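As stored in target_33.cif (mmCIF, C-alpha atoms (C1' of nucleotides)):
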data_run
loop_
_atom_site.label_atom_id
_atom_site.label_comp_id
_atom_site.auth_asym_id
_atom_site.auth_seq_id
_atom_site.Cartn_x
_atom_site.Cartn_y
_atom_site.Cartn_z
CA MET A 1354 -114.26 -9.94 15.35
CA ASN A 1355 -116.52 -11.04 12.49
CA ILE A 1356 -116.19 -9.78 8.97
CA GLY A 1357 -119.12 -7.40 9.32
CA GLN A 1358 -117.51 -5.48 12.13
CA ALA A 1359 -114.14 -5.48 10.38
CA ALA A 1360 -115.86 -4.09 7.28
CA GLU A 1361 -117.42 -1.33 9.29
CA ARG A 1362 -114.10 -0.39 10.86
CA CYS A 1363 -112.02 -0.35 7.69
CA GLY A 1364 -114.58 1.12 5.34
CA LEU A 1365 -114.54 -1.76 2.87
CA PRO A 1366 -117.51 -3.98 2.02
CA ALA A 1367 -117.35 -7.52 3.35
CA LYS A 1368 -117.35 -8.80 -0.22
CA THR A 1369 -114.20 -6.87 -0.94
CA ILE A 1370 -112.50 -8.13 2.19
CA ARG A 1371 -113.21 -11.72 1.18
CA TYR A 1372 -111.87 -10.93 -2.27
CA TYR A 1373 -108.67 -9.53 -0.79
CA GLU A 1374 -108.30 -12.78 1.07
CA ASP A 1375 -108.87 -14.77 -2.13
CA ILE A 1376 -106.04 -12.97 -3.84
CA GLY A 1377 -103.76 -13.36 -0.83
CA LEU A 1378 -103.62 -9.83 0.54
CA ILE A 1379 -104.72 -10.79 4.05
CA ARG A 1380 -105.10 -14.03 5.93
CA PRO A 1381 -107.36 -13.74 8.95
CA ALA A 1382 -107.79 -16.47 11.56
CA ARG A 1383 -110.78 -18.79 11.45
CA ARG A 1384 -113.01 -19.79 14.31
CA ALA A 1385 -114.32 -23.27 14.99
CA ASN A 1386 -117.53 -22.45 13.14
CA GLY A 1387 -115.64 -21.43 10.02
CA TYR A 1388 -116.21 -17.71 10.49
CA ARG A 1389 -113.30 -15.40 9.78
CA ASP A 1390 -111.86 -13.77 12.87
CA TYR A 1391 -110.16 -10.39 12.45
CA ASP A 1392 -107.88 -8.81 15.01
CA ASP A 1393 -106.76 -5.19 15.23
CA GLY A 1394 -103.73 -5.87 13.06
CA ASP A 1395 -105.95 -7.22 10.30
CA VAL A 1396 -108.21 -4.20 10.49
CA HIS A 1397 -105.19 -1.95 10.34
CA LYS A 1398 -104.00 -3.66 7.18
CA LEU A 1399 -107.44 -3.44 5.66
CA ARG A 1400 -107.57 0.25 6.38
CA PHE A 1401 -104.15 0.61 4.78
CA LEU A 1402 -105.48 -1.14 1.70
CA GLN A 1403 -108.61 0.97 1.61
CA ARG A 1404 -106.57 4.18 1.69
CA ALA A 1405 -104.10 3.00 -0.93
CA ARG A 1406 -106.90 1.90 -3.26
CA ARG A 1407 -108.67 5.23 -2.76
CA LEU A 1408 -105.47 6.92 -3.89
CA GLY A 1409 -105.69 4.90 -7.07
CA PHE A 1410 -102.93 2.37 -6.45
CA SER A 1411 -103.56 -0.91 -8.24
CA ILE A 1412 -103.96 -4.11 -6.30
CA ASP A 1413 -100.43 -5.05 -7.32
CA ASP A 1414 -99.17 -1.70 -6.08
CA CYS A 1415 -101.03 -2.31 -2.85
CA ARG A 1416 -99.42 -5.70 -2.46
CA HIS A 1417 -96.07 -4.05 -2.94
CA LEU A 1418 -96.84 -1.17 -0.58
CA LEU A 1419 -98.05 -3.58 2.07
CA SER A 1420 -94.87 -5.61 1.88
CA LEU A 1421 -92.84 -2.42 2.13
CA TYR A 1422 -94.97 -1.35 5.06
CA GLU A 1423 -94.23 -4.60 6.83
CA ASP A 1424 -90.53 -4.52 5.98
CA GLU A 1425 -88.81 -2.75 8.83
CA SER A 1426 -85.70 -2.20 6.77
CA ARG A 1427 -87.34 -0.79 3.67
CA ALA A 1428 -86.01 2.33 1.99
CA SER A 1429 -88.43 5.23 1.76
CA ALA A 1430 -87.08 5.82 -1.74
CA ASP A 1431 -88.86 2.66 -2.88
CA VAL A 1432 -92.20 3.97 -1.68
CA LYS A 1433 -91.54 7.35 -3.17
CA ALA A 1434 -90.81 5.78 -6.54
CA LEU A 1435 -94.13 3.96 -6.50
CA ALA A 1436 -95.97 7.14 -5.64
CA ARG A 1437 -94.14 9.05 -8.37
CA ALA A 1438 -95.11 6.43 -10.91
CA ARG A 1439 -98.72 6.85 -9.84
CA VAL A 1440 -98.48 10.60 -10.33
CA ASP A 1441 -97.07 10.08 -13.80
CA GLU A 1442 -99.93 7.77 -14.67
CA ILE A 1443 -102.39 10.32 -13.37
CA ASP A 1444 -100.79 13.12 -15.34
CA ALA A 1445 -100.95 11.11 -18.54
CA ARG A 1446 -104.57 10.25 -17.94
CA ILE A 1447 -105.48 13.88 -17.20
CA ALA A 1448 -103.79 15.07 -20.37
CA GLU A 1449 -105.64 12.49 -22.41
CA LEU A 1450 -108.97 13.43 -20.89
CA GLN A 1451 -108.34 17.12 -21.44
CA SER A 1452 -107.65 16.47 -25.09
CA LEU A 1453 -110.86 14.49 -25.45
CA ARG A 1454 -112.74 17.19 -23.62
CA ALA A 1455 -111.44 19.90 -25.94
CA THR A 1456 -112.46 17.95 -29.03
CA LEU A 1457 -115.93 17.24 -27.68
CA ALA A 1458 -116.43 20.82 -26.51
CA HIS A 1459 -115.50 22.07 -29.95
CA LEU A 1460 -117.98 19.75 -31.62
CA ILE A 1461 -120.70 20.66 -29.14
CA SER A 1462 -120.24 24.35 -29.76
CA ALA A 1463 -120.59 23.74 -33.49
CA CYS A 1464 -123.85 21.82 -33.12
CA HIS A 1465 -126.99 23.94 -33.03
CA GLY A 1466 -128.75 21.25 -31.00
CA ASP A 1467 -132.35 21.65 -32.10
CA ASP A 1468 -134.92 19.52 -33.92
CA ARG A 1469 -133.10 19.58 -37.23
CA PRO A 1470 -131.20 16.44 -38.20
CA ASP A 1471 -127.94 17.96 -39.42
CA CYS A 1472 -125.30 17.61 -36.75
CA PRO A 1473 -121.58 18.41 -36.87
CA ILE A 1474 -120.90 15.89 -34.13
CA LEU A 1475 -122.22 13.01 -36.21
CA ASP A 1476 -120.59 14.46 -39.30
CA ASP A 1477 -117.28 14.41 -37.57
CA LEU A 1478 -117.72 10.84 -36.35
CA ALA A 1479 -118.72 9.83 -39.85
CA GLY A 1480 -115.61 11.45 -41.25
CA VAL A 1481 -117.37 14.18 -43.22
CA GLY A 1482 -114.94 16.81 -44.41
CA ARG A 1483 -111.26 16.25 -44.98
CA PRO A 1484 -110.07 12.90 -43.71
CA ARG A 1485 -108.64 13.47 -40.27
CA LYS A 1486 -105.30 12.03 -39.35
CA THR A 1487 -105.15 11.26 -35.65
CA PRO A 1488 -107.47 14.13 -34.74
CA VAL A 1489 -107.40 13.62 -31.01
CA GLY A 1490 -105.06 11.98 -28.55
CA GLN A 1491 -102.55 9.29 -29.44
CA MET Q 1085 -113.73 -7.46 -48.76
CA ASN Q 1086 -112.36 -9.74 -46.03
CA ILE Q 1087 -112.09 -8.75 -42.41
CA GLY Q 1088 -108.37 -8.08 -42.65
CA GLN Q 1089 -108.80 -5.42 -45.28
CA ALA Q 1090 -111.77 -3.91 -43.45
CA ALA Q 1091 -109.65 -3.78 -40.31
CA GLU Q 1092 -106.89 -1.99 -42.14
CA ARG Q 1093 -109.32 0.56 -43.56
CA CYS Q 1094 -111.17 1.37 -40.34
CA GLY Q 1095 -108.25 1.23 -37.94
CA LEU Q 1096 -109.74 -1.43 -35.70
CA PRO Q 1097 -108.23 -4.88 -35.08
CA ALA Q 1098 -110.09 -7.78 -36.64
CA LYS Q 1099 -110.74 -9.15 -33.16
CA THR Q 1100 -112.57 -5.99 -32.25
CA ILE Q 1101 -114.63 -6.05 -35.42
CA ARG Q 1102 -115.75 -9.60 -34.70
CA TYR Q 1103 -116.59 -8.52 -31.17
CA TYR Q 1104 -118.70 -5.64 -32.48
CA GLU Q 1105 -120.58 -8.17 -34.56
CA ASP Q 1106 -121.08 -10.41 -31.52
CA ILE Q 1107 -122.72 -7.59 -29.62
CA GLY Q 1108 -124.85 -6.60 -32.58
CA LEU Q 1109 -123.24 -3.35 -33.69
CA ILE Q 1110 -122.68 -4.46 -37.29
CA ARG Q 1111 -123.89 -7.32 -39.44
CA PRO Q 1112 -121.73 -7.92 -42.49
CA ALA Q 1113 -122.64 -10.30 -45.29
CA ARG Q 1114 -121.15 -13.80 -45.47
CA ARG Q 1115 -119.65 -15.51 -48.44
CA ALA Q 1116 -120.18 -19.12 -49.44
CA ASN Q 1117 -117.01 -20.11 -47.62
CA GLY Q 1118 -118.21 -18.53 -44.36
CA TYR Q 1119 -115.91 -15.54 -44.57
CA ARG Q 1120 -117.34 -12.18 -43.57
CA ASP Q 1121 -117.74 -9.83 -46.51
CA TYR Q 1122 -117.59 -6.10 -45.80
CA ASP Q 1123 -118.78 -3.42 -48.18
CA ASP Q 1124 -117.99 0.29 -48.10
CA GLY Q 1125 -121.00 1.00 -45.90
CA ASP Q 1126 -119.76 -1.47 -43.31
CA VAL Q 1127 -116.33 0.08 -43.32
CA HIS Q 1128 -117.89 3.50 -42.93
CA LYS Q 1129 -119.79 2.35 -39.86
CA LEU Q 1130 -116.70 0.75 -38.43
CA ARG Q 1131 -114.81 3.97 -38.88
CA PHE Q 1132 -117.65 5.79 -37.17
CA LEU Q 1133 -117.37 3.39 -34.25
CA GLN Q 1134 -113.63 3.72 -34.10
CA ARG Q 1135 -113.85 7.50 -33.89
CA ALA Q 1136 -116.61 7.47 -31.30
CA ARG Q 1137 -114.73 5.00 -29.13
CA ARG Q 1138 -111.58 7.07 -29.41
CA LEU Q 1139 -113.58 10.00 -28.10
CA GLY Q 1140 -114.40 7.90 -25.07
CA PHE Q 1141 -118.01 7.06 -25.79
CA SER Q 1142 -119.06 3.76 -24.24
CA ILE Q 1143 -120.25 0.91 -26.43
CA ASP Q 1144 -123.79 1.71 -25.40
CA ASP Q 1145 -123.26 5.34 -26.37
CA CYS Q 1146 -121.91 4.16 -29.70
CA ARG Q 1147 -124.94 2.01 -30.27
CA HIS Q 1148 -127.08 5.03 -29.59
CA LEU Q 1149 -124.99 7.34 -31.76
CA LEU Q 1150 -125.06 4.86 -34.60
CA SER Q 1151 -128.83 4.60 -34.47
CA LEU Q 1152 -129.06 8.39 -34.43
CA TYR Q 1153 -126.66 8.51 -37.33
CA GLU Q 1154 -128.84 6.17 -39.31
CA ASP Q 1155 -132.05 7.94 -38.37
CA GLU Q 1156 -132.68 10.52 -41.06
CA SER Q 1157 -135.19 12.35 -38.88
CA ARG Q 1158 -133.08 12.56 -35.73
CA ALA Q 1159 -132.80 15.81 -33.79
CA SER Q 1160 -129.28 17.13 -33.41
CA ALA Q 1161 -130.23 18.04 -29.83
CA ASP Q 1162 -130.19 14.33 -28.98
CA VAL Q 1163 -126.64 13.96 -30.16
CA LYS Q 1164 -125.59 17.13 -28.41
CA ALA Q 1165 -127.04 15.84 -25.15
CA LEU Q 1166 -125.01 12.64 -25.42
CA ALA Q 1167 -121.85 14.61 -26.09
CA ARG Q 1168 -122.56 16.94 -23.17
CA ALA Q 1169 -123.02 13.99 -20.86
CA ARG Q 1170 -119.63 12.70 -21.99
CA VAL Q 1171 -118.05 16.06 -21.23
CA ASP Q 1172 -119.59 16.02 -17.76
CA GLU Q 1173 -118.20 12.55 -17.13
CA ILE Q 1174 -114.80 13.70 -18.31
CA ASP Q 1175 -114.89 16.78 -16.10
CA ALA Q 1176 -115.78 14.71 -13.07
CA ARG Q 1177 -112.99 12.26 -13.80
CA ILE Q 1178 -110.46 15.03 -14.30
CA ALA Q 1179 -111.42 16.66 -11.01
CA GLU Q 1180 -111.08 13.36 -9.22
CA LEU Q 1181 -107.68 12.69 -10.72
CA GLN Q 1182 -106.46 16.18 -9.89
CA SER Q 1183 -107.48 15.69 -6.29
CA LEU Q 1184 -105.62 12.37 -6.14
CA ARG Q 1185 -102.63 13.96 -7.77
CA ALA Q 1186 -102.53 16.78 -5.24
CA THR Q 1187 -102.66 14.35 -2.32
CA LEU Q 1188 -99.93 12.17 -3.77
CA ALA Q 1189 -97.73 15.14 -4.65
CA HIS Q 1190 -98.05 16.42 -1.12
CA LEU Q 1191 -97.02 13.07 0.33
CA ILE Q 1192 -94.15 12.75 -2.11
CA SER Q 1193 -92.79 16.15 -1.17
CA ALA Q 1194 -92.89 15.16 2.49
CA CYS Q 1195 -90.95 11.94 1.91
CA HIS Q 1196 -87.17 12.28 1.95
CA GLY Q 1197 -86.85 9.25 -0.31
CA ASP Q 1198 -83.55 7.80 0.80
CA ASP Q 1199 -82.36 4.57 2.39
CA ARG Q 1200 -84.02 5.25 5.72
CA PRO Q 1201 -87.20 3.33 6.46
CA ASP Q 1202 -89.36 6.13 7.84
CA CYS Q 1203 -91.80 7.30 5.16
CA PRO Q 1204 -94.67 9.77 5.40
CA ILE Q 1205 -96.41 8.09 2.50
CA LEU Q 1206 -96.67 4.79 4.33
CA ASP Q 1207 -97.49 6.62 7.54
CA ASP Q 1208 -100.39 8.29 5.84
CA LEU Q 1209 -101.66 5.05 4.36
CA ALA Q 1210 -101.35 3.42 7.75
CA GLY Q 1211 -103.37 6.23 9.30
CA VAL Q 1212 -100.59 7.65 11.43
CA GLY Q 1213 -101.50 11.05 12.81
CA ARG Q 1214 -105.04 12.24 13.36
CA PRO Q 1215 -107.63 9.99 11.79
CA ARG Q 1216 -108.52 11.45 8.42
CA LYS Q 1217 -112.13 11.77 7.40
CA THR Q 1218 -112.48 11.39 3.64
CA PRO Q 1219 -109.19 13.13 2.91
CA VAL Q 1220 -109.37 12.89 -0.83
CA GLY Q 1221 -112.12 12.75 -3.38
CA GLN Q 1222 -115.69 11.64 -2.73
"C1'" DT D 1224 -99.74 -31.96 -57.46
"C1'" DC D 1225 -98.14 -30.76 -53.22
"C1'" DT D 1226 -96.93 -27.70 -49.96
"C1'" DT D 1227 -96.25 -23.53 -47.61
"C1'" DG D 1228 -97.89 -19.48 -45.63
"C1'" DA D 1229 -101.20 -16.13 -44.94
"C1'" DC D 1230 -105.66 -15.68 -44.12
"C1'" DC D 1231 -110.13 -16.89 -42.17
"C1'" DT D 1232 -113.44 -19.43 -38.85
"C1'" DT D 1233 -115.33 -20.61 -33.96
"C1'" DC D 1234 -114.73 -21.26 -29.20
"C1'" DC D 1235 -112.53 -20.76 -24.69
"C1'" DT D 1236 -109.98 -18.24 -21.43
"C1'" DG D 1237 -108.17 -14.12 -19.15
"C1'" DT D 1238 -108.01 -9.28 -17.94
"C1'" DA D 1239 -109.23 -5.55 -13.01
"C1'" DA D 1240 -111.38 -5.37 -9.16
"C1'" DC D 1241 -114.83 -6.24 -7.61
"C1'" DT D 1242 -120.58 -6.84 -7.12
"C1'" DG D 1243 -124.77 -9.51 -6.87
"C1'" DG D 1244 -127.08 -13.53 -5.94
"C1'" DA D 1245 -128.20 -18.46 -4.84
"C1'" DG D 1246 -128.28 -21.82 -1.47
"C1'" DC D 1247 -126.96 -23.07 2.78
"C1'" DG D 1248 -125.40 -22.98 7.89
"C1'" DT D 1249 -124.99 -20.18 12.47
"C1'" DT D 1250 -126.03 -16.96 15.95
"C1'" DT D 1251 -128.92 -14.03 18.49
"C1'" DA D 1252 -133.04 -12.10 20.12
"C1'" DT D 1253 -137.70 -12.54 21.13
"C1'" DA S 162 -139.43 -22.19 18.67
"C1'" DT S 163 -138.67 -19.22 15.27
"C1'" DA S 164 -137.32 -15.38 12.61
"C1'" DA S 165 -133.91 -11.96 11.51
"C1'" DA S 166 -129.40 -11.04 10.82
"C1'" DC S 167 -125.24 -12.65 9.93
"C1'" DG S 168 -121.76 -15.86 8.03
"C1'" DC S 169 -120.05 -19.34 4.51
"C1'" DT S 170 -118.84 -20.95 -0.52
"C1'" DC S 171 -119.41 -20.89 -5.24
"C1'" DC S 172 -120.98 -19.05 -9.67
"C1'" DA S 173 -122.08 -15.41 -12.86
"C1'" DG S 174 -121.73 -10.77 -14.57
"C1'" DT S 175 -119.42 -6.39 -15.31
"C1'" DT S 176 -116.15 -3.49 -19.71
"C1'" DA S 177 -114.24 -3.98 -24.04
"C1'" DC S 178 -111.76 -6.47 -25.80
"C1'" DA S 179 -106.85 -9.67 -26.43
"C1'" DG S 180 -104.58 -14.11 -26.80
"C1'" DG S 181 -104.51 -18.53 -28.31
"C1'" DA S 182 -105.99 -23.27 -29.82
"C1'" DA S 183 -107.78 -26.09 -33.43
"C1'" DG S 184 -109.09 -26.22 -37.80
"C1'" DG S 185 -110.85 -24.63 -42.71
"C1'" DT S 186 -109.60 -21.80 -47.13
"C1'" DC S 187 -106.99 -19.73 -50.67
"C1'" DA S 188 -103.25 -18.23 -53.80
"C1'" DA S 189 -98.59 -18.90 -55.22
"C1'" DG S 190 -94.47 -21.38 -56.04
"C1'" DA S 191 -91.58 -25.91 -56.77
#
Have the structure of the file written as structure tokens, please.
Amino acid sequence: MNIGQAAERCGLPAKTIRYYEDIGLIRPARRANGYRDYDDGDVHKLRFLQRARRLGFSIDDCRHLLSLYEDESRASADVKALARARVDEIDARIAELQSLRATLAHLISACHGDDRPDCPILDDLAGVGRPRKTPVGQ
Amino acid sequence: MNIGQAAERCGLPAKTIRYYEDIGLIRPARRANGYRDYDDGDVHKLRFLQRARRLGFSIDDCRHLLSLYEDESRASADVKALARARVDEIDARIAELQSLRATLAHLISACHGDDRPDCPILDDLAGVGRPRKTPVGQ
DNA sequence: TCTTGACCTTCCTGTAACTGGAGCGTTTAT
DNA sequence: ATAAACGCTCCAGTTACAGGAAGGTCAAGA
């Protein structure tokens, strides 16, 4: 099938599918006219990639997952380790965002937010008050 | 002062400071030898930028915040609105990450993670089982 | 004076993972 | 016959810088 139909079936834009080919994730057949020709196996792989990306795996992770998927003798522990690493990344990111959120919420609550120019948010960014050492995150 | 000293005082790498100049965020003086020459006001602005970036404001947000900061007749409501928008972005991102985390944690708990090749994580990515409609996020 | 090393300069490239568009050829339907 | 819809490749842009090359400048020591 043509790339348009493959795109429809896997849920990825055609542009993305071509990009995945550029970086060596898939290698569809070509017809005489130069058009890419996808079979069901290709679409299956593309769907695999779409799901893995949606779960936040990097392209490199996806490459790895795909090779594990195609390796009949893989150990499920390898996959589990990849997934655990993803969860750790996610946890770190969530913690960081929650810290930022708390700082911003605090500043927002301190700002009267009217037509007057004085603003604790800007004051904080400008470093008004005691010099802060690592006030948020890091 | 030279860029190295300014970098040390504001907590940003010299590369980043030059980049901020490229995109028009700051405009330090130049000496006869072509070296950038930062005064205390410049360093103050750079520190402002460093703090705003650390709070997750985009460069465009920073540009906006800086212009508000320099506008003596600004309304604090404008700043508050920017900060609120940031909090909304953060909340959305956190929710998304938590959803991803839950899905991954579920798959991880279902995977025995040993030397055997069968793996529910890969099965899920491959679409084994009932076809999922938008299982996570979005 | 010469040299060494630490700075500084500009410019180019690369990152992640695509997206948009130009300019062109092909297929399909009317 | 022609127009729409699709396909192709290649190039540029996105975010916010980081790394490095090639070269100029400056202060200190031998």
Å distance separating atom CA of A:Leu1450 from atom CA of Q:Asp1175, one decimal place
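Atom CA of Q:Asp1175 lies 8.3 Å from atom CA of A:Leu1450.
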Using every Cα, in order, as the fitting set, what is the least-squares RMSD of chain A against chain Q?
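Root-mean-square deviation of the C-alpha atoms: 0.1 Å.
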Nearest to chain S, chosen from A:Val1440, A:Val1432, A:Glu1374, A:Gly1387, with only C-alpha atoms (C1' of nucleotides) counted in the distances:
A:Gly1387
Skip stretch 1455-1461 of chain A itself and residues of its chain fewer than 6 positions away, then list as a PDB file with C-alpha atoms, in the coordinates of the input all residues within 10 Å of it, counting all atoms listed in the file.
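The new file around26.pdb reads:
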ATOM      1  CA  CYS A1472    -125.300  17.610 -36.750  1.00  0.00           C
ATOM      2  CA  PRO A1473    -121.580  18.410 -36.870  1.00  0.00           C
ATOM      3  CA  ILE A1474    -120.900  15.890 -34.130  1.00  0.00           C
ATOM      4  CA  LEU A1475    -122.220  13.010 -36.210  1.00  0.00           C
ATOM      5  CA  ASP A1476    -120.590  14.460 -39.300  1.00  0.00           C
ATOM      6  CA  ASP A1477    -117.280  14.410 -37.570  1.00  0.00           C
ATOM      7  CA  PRO A1488    -107.470  14.130 -34.740  1.00  0.00           C
ATOM      8  CA  VAL A1489    -107.400  13.620 -31.010  1.00  0.00           C
ATOM      9  CA  GLY A1490    -105.060  11.980 -28.550  1.00  0.00           C
TER      10      GLY A1490
ATOM     11  CA  LEU Q1139    -113.580  10.000 -28.100  1.00  0.00           C
ATOM     12  CA  GLY Q1140    -114.400   7.900 -25.070  1.00  0.00           C
ATOM     13  CA  ALA Q1161    -130.230  18.040 -29.830  1.00  0.00           C
ATOM     14  CA  VAL Q1163    -126.640  13.960 -30.160  1.00  0.00           C
ATOM     15  CA  LYS Q1164    -125.590  17.130 -28.410  1.00  0.00           C
ATOM     16  CA  ALA Q1165    -127.040  15.840 -25.150  1.00  0.00           C
ATOM     17  CA  LEU Q1166    -125.010  12.640 -25.420  1.00  0.00           C
ATOM     18  CA  ALA Q1167    -121.850  14.610 -26.090  1.00  0.00           C
ATOM     19  CA  ARG Q1168    -122.560  16.940 -23.170  1.00  0.00           C
ATOM     20  CA  ARG Q1170    -119.630  12.700 -21.990  1.00  0.00           C
ATOM     21  CA  VAL Q1171    -118.050  16.060 -21.230  1.00  0.00           C
TER      22      VAL Q1171
END
Could you list, as a list in words, every residue of chain S that has an atom within 9 Å of an atom of chain A, counting only C-alpha atoms (C1' of nucleotides)?
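So the residues of chain S near chain A are DC167, DG168 and DC169 of chain S.
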For the residues selected in the previous step, produce a file with C-alpha atoms (C1' of nucleotides) as a PDB file, in the frame of the given file.
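Contents of again-v1.pdb, freshly written:
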ATOM      1  C1'  DC S 167    -125.240 -12.650   9.930  1.00  0.00           C
ATOM      2  C1'  DG S 168    -121.760 -15.860   8.030  1.00  0.00           C
ATOM      3  C1'  DC S 169    -120.050 -19.340   4.510  1.00  0.00           C
TER       4       DC S 169
END
Take the PyMOL selection byres ((chain A) within 8 of (chain D)), apply it to the structure above, and return the hits as a count of residues only.
4
State, in Å with one decimal place, the distance from atom CA of Q:Ala1091 to atom C1' of S:DC178.
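Distance reported for this atom pair: 14.9 Å.
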Could you tell me how far atom CA of Q:Asp1198 sits from atom CA of A:Ala1428, in Å to one decimal place?
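Between atom CA of A:Ala1428 and atom CA of Q:Asp1198 the gap works out to 6.1 Å.
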Give as a VMD selection string each residue that has an atom at most 7 Å from (-132.5, 14.0, -37.6) in the file, counting only C-alpha atoms (C1' of nucleotides).
(chain A and resid 1469 to 1471) or (chain Q and resid 1155 to 1160)
Given 3 Å of margin on each side, can you work out the centre and size in Å (one decimal) of an axis-aligned box holding every listed atom of stretch 177-187 of chain S, as lines of an AutoDock Vina configuration file?
center_x = -109.4
center_y = -15.1
center_z = -37.4
size_x = 15.7
size_y = 28.2
size_z = 32.6
On this structure, which residues satisfy the PyMOL selection byres ((chain Q and resi 1121) around 6), written as number ranges by chain?
Q: 1085-1086, 1112-1114, 1120, 1122
Between A:Ser1452, A:Arg1380, A:Arg1404, A:Asp1393, which is the closest to A:Gly1364 once you count only C-alpha atoms?
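When distances to A:Gly1364 are compared using only C-alpha atoms, the smallest one comes from A:Arg1404.
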Minimum-distance residue to chain Q, chosen among A:Asp1468, A:Val1481, A:Asp1392, A:Glu1449 (using all atoms listed in the file):
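Residue with the minimum atom-to-atom distance to chain Q: A:Asp1468.
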Care to translate the PyMOL selection byres ((chain A and resi 1417) around 12) into actual residues of this file, as number ranges by chain?
A: 1378, 1402, 1405, 1410-1416, 1418-1424, 1427, 1431-1432, 1434-1436; Q: 1206
Export N, CA and C atoms of stretch 1151-1169 of chain Q from the structure just given, as an mmCIF file, in the first residue's frame?
data_model
loop_
_atom_site.group_PDB
_atom_site.id
_atom_site.type_symbol
_atom_site.label_atom_id
_atom_site.label_comp_id
_atom_site.auth_asym_id
_atom_site.auth_seq_id
_atom_site.Cartn_x
_atom_site.Cartn_y
_atom_site.Cartn_z
ATOM 1 N N SER Q 1151 10.437 43.159 29.290
ATOM 2 C CA SER Q 1151 9.869 44.448 28.860
ATOM 3 C C SER Q 1151 8.893 44.968 29.916
ATOM 4 N N LEU Q 1152 8.177 44.048 30.563
ATOM 5 C CA LEU Q 1152 7.297 44.473 31.654
ATOM 6 C C LEU Q 1152 8.135 45.015 32.810
ATOM 7 N N TYR Q 1153 9.242 44.316 33.064
ATOM 8 C CA TYR Q 1153 10.103 44.731 34.163
ATOM 9 C C TYR Q 1153 10.631 46.147 33.940
ATOM 10 N N GLU Q 1154 10.913 46.442 32.691
ATOM 11 C CA GLU Q 1154 11.491 47.745 32.383
ATOM 12 C C GLU Q 1154 10.435 48.826 32.157
ATOM 13 N N ASP Q 1155 9.183 48.408 32.140
ATOM 14 C CA ASP Q 1155 8.102 49.366 31.929
ATOM 15 C C ASP Q 1155 7.589 49.847 33.282
ATOM 16 N N GLU Q 1156 7.913 51.075 33.605
ATOM 17 C CA GLU Q 1156 7.574 51.599 34.932
ATOM 18 C C GLU Q 1156 6.061 51.669 35.156
ATOM 19 N N SER Q 1157 5.302 51.687 34.066
ATOM 20 C CA SER Q 1157 3.855 51.861 34.225
ATOM 21 C C SER Q 1157 3.084 50.564 33.953
ATOM 22 N N ARG Q 1158 3.813 49.447 34.021
ATOM 23 C CA ARG Q 1158 3.153 48.159 33.770
ATOM 24 C C ARG Q 1158 2.057 47.904 34.812
ATOM 25 N N ALA Q 1159 1.169 46.978 34.489
ATOM 26 C CA ALA Q 1159 0.175 46.518 35.458
ATOM 27 C C ALA Q 1159 0.621 45.152 35.960
ATOM 28 N N SER Q 1160 0.585 44.964 37.253
ATOM 29 C CA SER Q 1160 1.031 43.673 37.786
ATOM 30 C C SER Q 1160 0.133 42.543 37.286
ATOM 31 N N ALA Q 1161 -1.097 42.886 36.889
ATOM 32 C CA ALA Q 1161 -2.008 41.867 36.366
ATOM 33 C C ALA Q 1161 -1.418 41.183 35.131
ATOM 34 N N ASP Q 1162 -0.681 41.943 34.330
ATOM 35 C CA ASP Q 1162 -0.082 41.360 33.128
ATOM 36 C C ASP Q 1162 0.931 40.283 33.488
ATOM 37 N N VAL Q 1163 1.727 40.581 34.483
ATOM 38 C CA VAL Q 1163 2.730 39.611 34.919
ATOM 39 C C VAL Q 1163 2.037 38.384 35.510
ATOM 40 N N LYS Q 1164 1.035 38.653 36.320
ATOM 41 C CA LYS Q 1164 0.318 37.557 36.959
ATOM 42 C C LYS Q 1164 -0.292 36.628 35.912
ATOM 43 N N ALA Q 1165 -0.802 37.212 34.842
ATOM 44 C CA ALA Q 1165 -1.414 36.400 33.784
ATOM 45 C C ALA Q 1165 -0.377 35.485 33.139
ATOM 46 N N LEU Q 1166 0.809 36.027 32.904
ATOM 47 C CA LEU Q 1166 1.882 35.203 32.324
ATOM 48 C C LEU Q 1166 2.224 34.038 33.259
ATOM 49 N N ALA Q 1167 2.343 34.357 34.532
ATOM 50 C CA ALA Q 1167 2.704 33.321 35.497
ATOM 51 C C ALA Q 1167 1.605 32.269 35.592
ATOM 52 N N ARG Q 1168 0.353 32.717 35.534
ATOM 53 C CA ARG Q 1168 -0.757 31.758 35.584
ATOM 54 C C ARG Q 1168 -0.749 30.837 34.379
ATOM 55 N N ALA Q 1169 -0.438 31.418 33.227
ATOM 56 C CA ALA Q 1169 -0.381 30.589 32.020
ATOM 57 C C ALA Q 1169 0.703 29.522 32.173
#
